[in-house]
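Written out below as structure tokens is the structure these notes cover.
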Amino acid sequence: MTVDDEQPDPADMLALVEDQQRSIAGQRGAFVPLILLSWALAWLLGFGALWLVDRPDGAFSLPIGVAAPVFVVLLVGAGVLSTVFGIRASRGVRSGKDASFVGMIYGQSWWVGSLAIFALGQALVINGMDPDLLRILYPSSYIFFAGFMYVMAAALWRAIPMLILGGWSIVVSAVAPFVGHPDHFLVYALAGGGGFLVVAVWSWVWTRRARRRLSQGARA
């Protein structure tokens, strides 16, 4: 056997690389629909609960002592599930130093930006803003910031669903305050949570098609 005979076929090597790339993409994307679904439920039920606080029309209402904990638990639960699914999706996937650095900066930006928004609201109150306006400022600001971070994620990882979700979140955050308190919570619940739900279904369909193409490529 000659040395040339021992060298692998370039076409086979290219096919192997493509199979590995599809496998990694499928692994990372498998949990995306579940992550989006958890946030859809958190928005729908969480903001829906806040909308029901002390309804002035005498309809069914929830006390703030019930609605606020429900909202917090749902958001924290969605965040925990997102972290767990993200870790599971990254198992066995090697990344270079550049990718690790980008992921670290992106992850840290979430809590830094959130604290900055909180500080901004408090500073506005100290300088004369009516504290009641925080009920409009904080939800809108946090949703706008989340939408911006989704857009950045789409740019970093070329994720079209995140781009659409981020753009939609920004639009919702800008429009909802115009309806005033407490109906802006209903806008967040239906438009925001509904947006997450639509993208979750879309991601689920995309993931199934990607897996189907992967299995067909493997058989070929």
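As shown in the structure tokens, the chain order sets the letters A, B, ...; within each chain, residues go from 1, and ligands are also counted from 1 in the order they appear.
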Please, which residues in region 29-51 of chain A fall within 8 Å of region 69-78 of chain A when counting only C-alpha atoms, and what is the closest atom pair and distance in Å to one decimal for each, ordered by chain then residue number, as a Markdown table?
```
| residue | atom | partner | partner_atom | distance |
| --- | --- | --- | --- | --- |
| A:Ile35 | CA | A:Ala78 | CA | 7.4 |
| A:Ser38 | CA | A:Ala78 | CA | 5.3 |
| A:Trp39 | CA | A:Ala78 | CA | 5.5 |
| A:Leu41 | CA | A:Leu74 | CA | 7.9 |
| A:Ala42 | CA | A:Leu74 | CA | 4.9 |
| A:Trp43 | CA | A:Leu75 | CA | 7.8 |
| A:Leu45 | CA | A:Phe71 | CA | 7.5 |
| A:Gly46 | CA | A:Phe71 | CA | 4.1 |
| A:Phe47 | CA | A:Phe71 | CA | 6.7 |
| A:Ala49 | CA | A:Phe71 | CA | 7.0 |
| A:Leu50 | CA | A:Phe71 | CA | 7.3 |
```
Return as CSV the residues of region 135-155 of chain A lying at most 10 Å from region 118-131 of chain A, together with the closest atom-to-atom pair for each and the distance in Å to one decimal, counting only C-alpha atoms, with rows in chain order and ascending residue number.
```
residue,atom,partner,partner_atom,distance
A:Arg135,CA,A:Pro131,CA,8.0
A:Ile136,CA,A:Pro131,CA,9.9
A:Leu137,CA,A:Gly121,CA,7.3
A:Tyr138,CA,A:Gly121,CA,7.1
A:Ser141,CA,A:Phe118,CA,9.2
A:Tyr142,CA,A:Phe118,CA,9.0
```
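Those residues that approach His184 (chain A) to within 8 Å, counting only C-alpha atoms, are A:Trp51, A:Ile136, A:Ala176, A:Pro177, A:Phe178, A:Val179; same-chain residues fewer than 5 positions away are not listed.
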Exercise. Please measure the separation of CA of Trp157 (chain A) and CA of Ser203 (chain A), giving the value in Å to one decimal.
Key: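 These two atoms are separated by 15.0 Å.
Among the candidates A:Trp206, A:Gly180, A:Val32, A:Leu156, the one nearest to Asp98 (chain A) when counting only C-alpha atoms is A:Leu156.
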Exercise. Take CA of Met149 (chain A) and CA of Tyr106 (chain A) and report the distance between them in Å, one decimal.
Key: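 Going from CA of Met149 (chain A) over to CA of Tyr106 (chain A), I get 8.2 Å.
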Quiz item: Quick one, how far is CA of Thr83 (chain A) from CA of Val199 (chain A)?
Solution: 18.7 Å
Practice problem: Just the residues within 7 Å of Gly48 (chain A), please, counting only C-alpha atoms, with nothing from its chain fewer than 3 positions along; format it as a PyMOL selection string. | Solution: chain A and resi 44-45+51-52+185-186+189
Exercise. Extract the full set of alpha helix (DSSP H) residues from region 93-178 of chain A according to DSSP on the backbone, and format it as a PyMOL selection string.
Key: chain A and resi 97-126+134-157+160-175
